[in-house]
Protein chains: 2
Amino acid sequence: MAKVSFSVKGDNVNATRIDLNARQFKLVVDEPANLGGTDDGANPVEYLLAGLAGCLNVVGHTVAKEMGIKINKLSVEVSGDLNPARFMGQSNAERAGFQNIETVLHVDTDADKATLKEWLEKVEDRCPVNDNLSNTTPVSVKLG
Amino acid sequence: MAKVSFSVKGDNVNATRIDLNARQFKLVVDEPANLGGTDDGANPVEYLLAGLAGCLNVVGHTVAKEMGIKINKLSVEVSGDLNPARFMGQSNAERAGFQNIETVLHVDTDADKATLKEWLEKVEDRCPVNDNLSNTTPVSVKLG
């Protein structure tokens, strides 16, 4: 299959806010006031969690359709903890990002437990965002 | 330093769209029509890229302030390629997610090249989203 490219691009508005374009969509990323921001949008790590939640929804429905499972409703909660010390330049003792990400899926379905377990394993394996977080991804950052 | 928690939560609207809450912000994640979606919002992997772009902006300005660099404008482009074959259940030959993520920062500043290089190394090290992508992150997905 041919590879598919995705991109976002934009300019900063201030030290914490950046307005990005992803195709026709405008995405405002900012920080809350308690992290020094202007609080005009969700923050970068919330965008990351939203990407995971959205991905699990799409892949969840794709796999369910293949398996003949009817999902009446899917609710997703994604959360994570991080220590801001490294980001703030105070300590390198811990990693900068989330130390763990916990996801809970509430699936309204008639499928039995064993079937749902099989479904979940496939969803985890096939979810692009889960792959990029769970495994290493080469990220290059260059000056243009 | 105390850990900080972040979370998003929401319900699916259809097989591709989910409406999430991140604090007071509503985030609509969908897929474009050519990926079977209703195209009401950026897609999951675009959210992931937006998180990285937003993070580089925040950390970029934080580090610049510490180093006494004045950034007049920061423009960020983030892009990546993925093969949808695994996500679509057609082949396990390649990973599900981005095979690489390329980021270009256009920095309008008076700082010299050597200073900017030092700045960039610090930004990469201290950016939470870059950390979560570049290194493995434990992700648990459970049925609630």
# chains A, B, ... in the order shown; residues from 1 in each chain; ligands from 1
call {"tool": "interface_residues", "arguments": {"of": "chain A", "to": "chain B", "cutoff": "6 Å", "atoms": "only C-alpha atoms", "output": "NGL selection string"}}
result
:A and (3-12 or 15-16 or 29 or 44 or 47-48 or 51 or 54-55 or 58 or 61 or 74-83 or 86-87 or 96-97 or 100-106 or 126 or 128-129 or 131-144)
call {"tool": "atom_distance", "arguments": {"atom1": "CA of Asp112 in chain B", "atom2": "CA of Ile69 in chain B"}}
result
9.6 Å
call {"tool": "select_by_dssp", "arguments": {"residues": "chain A", "states": "strand (DSSP E or B)", "output": "JSON, numbers by chain"}}
result
{"A": [4, 5, 6, 7, 8, 9, 10, 11, 12, 18, 19, 20, 21, 22, 25, 26, 27, 28, 29, 71, 72, 73, 74, 75, 76, 77, 78, 79, 80, 81, 82, 100, 101, 102, 103, 104, 105, 106, 107, 108, 109, 139, 140, 141, 142, 143]}
call {"tool": "select_by_dssp", "arguments": {"residues": "range 54-124 of chain A", "states": "alpha helix (DSSP H)", "output": "PyMOL selection string"}}
result
chain A and resi 54-67+113-124
call {"tool": "atom_distance", "arguments": {"atom1": "CA of Lys70 in chain B", "atom2": "CA of Asn34 in chain A"}}
result
23.0 Å
call {"tool": "decode", "arguments": {"residues": "range 65-112 of chain A", "atoms": "N, CA and C atoms", "output": "mmCIF file, in the first residue's frame"}}
result
data_model
loop_
_atom_site.group_PDB
_atom_site.id
_atom_site.type_symbol
_atom_site.label_atom_id
_atom_site.label_comp_id
_atom_site.auth_asym_id
_atom_site.auth_seq_id
_atom_site.Cartn_x
_atom_site.Cartn_y
_atom_site.Cartn_z
ATOM 1 N N LYS A 65 -16.283 -3.884 13.070
ATOM 2 C CA LYS A 65 -17.012 -4.184 11.824
ATOM 3 C C LYS A 65 -16.503 -5.489 11.208
ATOM 4 N N GLU A 66 -15.173 -5.628 11.176
ATOM 5 C CA GLU A 66 -14.582 -6.861 10.636
ATOM 6 C C GLU A 66 -15.021 -8.099 11.412
ATOM 7 N N MET A 67 -15.121 -7.952 12.744
ATOM 8 C CA MET A 67 -15.435 -9.087 13.614
ATOM 9 C C MET A 67 -16.937 -9.312 13.767
ATOM 10 N N GLY A 68 -17.744 -8.454 13.157
ATOM 11 C CA GLY A 68 -19.189 -8.590 13.287
ATOM 12 C C GLY A 68 -19.709 -8.159 14.652
ATOM 13 N N ILE A 69 -18.972 -7.299 15.330
ATOM 14 C CA ILE A 69 -19.411 -6.780 16.639
ATOM 15 C C ILE A 69 -20.144 -5.460 16.414
ATOM 16 N N LYS A 70 -21.299 -5.323 17.049
ATOM 17 C CA LYS A 70 -22.012 -4.055 16.965
ATOM 18 C C LYS A 70 -21.682 -3.220 18.211
ATOM 19 N N ILE A 71 -21.090 -2.051 17.994
ATOM 20 C CA ILE A 71 -20.813 -1.130 19.111
ATOM 21 C C ILE A 71 -21.905 -0.056 19.106
ATOM 22 N N ASN A 72 -22.681 -0.021 20.163
ATOM 23 C CA ASN A 72 -23.745 0.994 20.265
ATOM 24 C C ASN A 72 -23.161 2.344 20.668
ATOM 25 N N LYS A 73 -22.158 2.303 21.524
ATOM 26 C CA LYS A 73 -21.534 3.546 21.997
ATOM 27 C C LYS A 73 -20.137 3.212 22.524
ATOM 28 N N LEU A 74 -19.180 4.075 22.216
ATOM 29 C CA LEU A 74 -17.822 3.893 22.733
ATOM 30 C C LEU A 74 -17.413 5.179 23.465
ATOM 31 N N SER A 75 -17.100 5.039 24.736
ATOM 32 C CA SER A 75 -16.617 6.179 25.510
ATOM 33 C C SER A 75 -15.154 5.929 25.850
ATOM 34 N N VAL A 76 -14.368 6.970 25.714
ATOM 35 C CA VAL A 76 -12.916 6.822 25.879
ATOM 36 C C VAL A 76 -12.402 7.836 26.896
ATOM 37 N N GLU A 77 -11.605 7.357 27.838
ATOM 38 C CA GLU A 77 -10.914 8.233 28.790
ATOM 39 C C GLU A 77 -9.430 7.965 28.662
ATOM 40 N N VAL A 78 -8.641 9.010 28.470
ATOM 41 C CA VAL A 78 -7.185 8.837 28.386
ATOM 42 C C VAL A 78 -6.539 9.829 29.354
ATOM 43 N N SER A 79 -5.646 9.338 30.173
ATOM 44 C CA SER A 79 -4.988 10.232 31.134
ATOM 45 C C SER A 79 -3.527 9.849 31.305
ATOM 46 N N GLY A 80 -2.753 10.789 31.782
ATOM 47 C CA GLY A 80 -1.334 10.531 32.006
ATOM 48 C C GLY A 80 -0.753 11.525 32.996
ATOM 49 N N ASP A 81 0.348 11.124 33.611
ATOM 50 C CA ASP A 81 1.052 11.970 34.576
ATOM 51 C C ASP A 81 2.431 12.295 34.034
ATOM 52 N N LEU A 82 2.850 13.521 34.254
ATOM 53 C CA LEU A 82 4.244 13.859 33.942
ATOM 54 C C LEU A 82 4.800 14.792 34.999
ATOM 55 N N ASN A 83 6.106 14.761 35.094
ATOM 56 C CA ASN A 83 6.808 15.642 36.021
ATOM 57 C C ASN A 83 7.369 16.815 35.210
ATOM 58 N N PRO A 84 6.883 18.038 35.458
ATOM 59 C CA PRO A 84 7.321 19.172 34.632
ATOM 60 C C PRO A 84 8.738 19.672 34.932
ATOM 61 N N ALA A 85 9.440 19.016 35.845
ATOM 62 C CA ALA A 85 10.761 19.517 36.251
ATOM 63 C C ALA A 85 11.751 19.588 35.093
ATOM 64 N N ARG A 86 11.740 18.585 34.231
ATOM 65 C CA ARG A 86 12.701 18.579 33.120
ATOM 66 C C ARG A 86 12.327 19.634 32.073
ATOM 67 N N PHE A 87 11.056 19.707 31.750
ATOM 68 C CA PHE A 87 10.563 20.729 30.822
ATOM 69 C C PHE A 87 10.924 22.125 31.331
ATOM 70 N N MET A 88 10.834 22.318 32.649
ATOM 71 C CA MET A 88 11.121 23.631 33.230
ATOM 72 C C MET A 88 12.607 23.879 33.478
ATOM 73 N N GLY A 89 13.437 22.883 33.182
ATOM 74 C CA GLY A 89 14.874 23.066 33.340
ATOM 75 C C GLY A 89 15.357 22.949 34.772
ATOM 76 N N GLN A 90 14.551 22.308 35.613
ATOM 77 C CA GLN A 90 14.910 22.215 37.039
ATOM 78 C C GLN A 90 15.648 20.933 37.386
ATOM 79 N N SER A 91 15.422 19.870 36.629
ATOM 80 C CA SER A 91 16.035 18.585 36.947
ATOM 81 C C SER A 91 15.941 17.658 35.760
ATOM 82 N N ASN A 92 16.991 16.850 35.550
ATOM 83 C CA ASN A 92 16.964 15.833 34.494
ATOM 84 C C ASN A 92 16.700 14.441 35.053
ATOM 85 N N ALA A 93 16.319 14.365 36.331
ATOM 86 C CA ALA A 93 16.178 13.065 36.985
ATOM 87 C C ALA A 93 15.087 12.205 36.356
ATOM 88 N N GLU A 94 14.043 12.847 35.858
ATOM 89 C CA GLU A 94 12.956 12.073 35.260
ATOM 90 C C GLU A 94 12.741 12.502 33.807
ATOM 91 N N ARG A 95 12.063 11.654 33.058
ATOM 92 C CA ARG A 95 11.805 11.978 31.657
ATOM 93 C C ARG A 95 10.896 13.209 31.544
ATOM 94 N N ALA A 96 10.919 13.855 30.369
ATOM 95 C CA ALA A 96 10.127 15.070 30.167
ATOM 96 C C ALA A 96 8.637 14.767 29.981
ATOM 97 N N GLY A 97 8.346 13.668 29.328
ATOM 98 C CA GLY A 97 6.961 13.401 28.929
ATOM 99 C C GLY A 97 6.185 12.558 29.920
ATOM 100 N N PHE A 98 5.052 12.063 29.462
ATOM 101 C CA PHE A 98 4.223 11.194 30.291
ATOM 102 C C PHE A 98 5.015 9.962 30.716
ATOM 103 N N GLN A 99 4.899 9.624 31.996
ATOM 104 C CA GLN A 99 5.576 8.426 32.490
ATOM 105 C C GLN A 99 4.735 7.197 32.210
ATOM 106 N N ASN A 100 3.457 7.400 32.036
ATOM 107 C CA ASN A 100 2.542 6.325 31.665
ATOM 108 C C ASN A 100 1.273 6.983 31.135
ATOM 109 N N ILE A 101 0.594 6.264 30.290
ATOM 110 C CA ILE A 101 -0.688 6.739 29.758
ATOM 111 C C ILE A 101 -1.704 5.631 30.002
ATOM 112 N N GLU A 102 -2.799 5.994 30.666
ATOM 113 C CA GLU A 102 -3.839 5.016 31.022
ATOM 114 C C GLU A 102 -5.081 5.306 30.193
ATOM 115 N N THR A 103 -5.589 4.281 29.565
ATOM 116 C CA THR A 103 -6.775 4.448 28.731
ATOM 117 C C THR A 103 -7.853 3.478 29.183
ATOM 118 N N VAL A 104 -9.062 3.986 29.323
ATOM 119 C CA VAL A 104 -10.198 3.123 29.659
ATOM 120 C C VAL A 104 -11.261 3.274 28.573
ATOM 121 N N LEU A 105 -11.655 2.153 28.007
ATOM 122 C CA LEU A 105 -12.697 2.138 26.977
ATOM 123 C C LEU A 105 -13.979 1.557 27.568
ATOM 124 N N HIS A 106 -15.039 2.312 27.490
ATOM 125 C CA HIS A 106 -16.355 1.811 27.901
ATOM 126 C C HIS A 106 -17.111 1.467 26.621
ATOM 127 N N VAL A 107 -17.327 0.182 26.411
ATOM 128 C CA VAL A 107 -17.939 -0.274 25.163
ATOM 129 C C VAL A 107 -19.357 -0.764 25.429
ATOM 130 N N ASP A 108 -20.328 -0.099 24.848
ATOM 131 C CA ASP A 108 -21.720 -0.556 24.941
ATOM 132 C C ASP A 108 -21.952 -1.491 23.762
ATOM 133 N N THR A 109 -22.021 -2.786 24.051
ATOM 134 C CA THR A 109 -22.102 -3.809 22.996
ATOM 135 C C THR A 109 -22.708 -5.080 23.562
ATOM 136 N N ASP A 110 -23.191 -5.945 22.677
ATOM 137 C CA ASP A 110 -23.691 -7.246 23.120
ATOM 138 C C ASP A 110 -22.599 -8.315 23.045
ATOM 139 N N ALA A 111 -21.421 -7.959 22.540
ATOM 140 C CA ALA A 111 -20.337 -8.949 22.409
ATOM 141 C C ALA A 111 -19.939 -9.485 23.790
ATOM 142 N N ASP A 112 -19.546 -10.764 23.840
ATOM 143 C CA ASP A 112 -19.150 -11.333 25.134
ATOM 144 C C ASP A 112 -17.703 -10.957 25.476
#
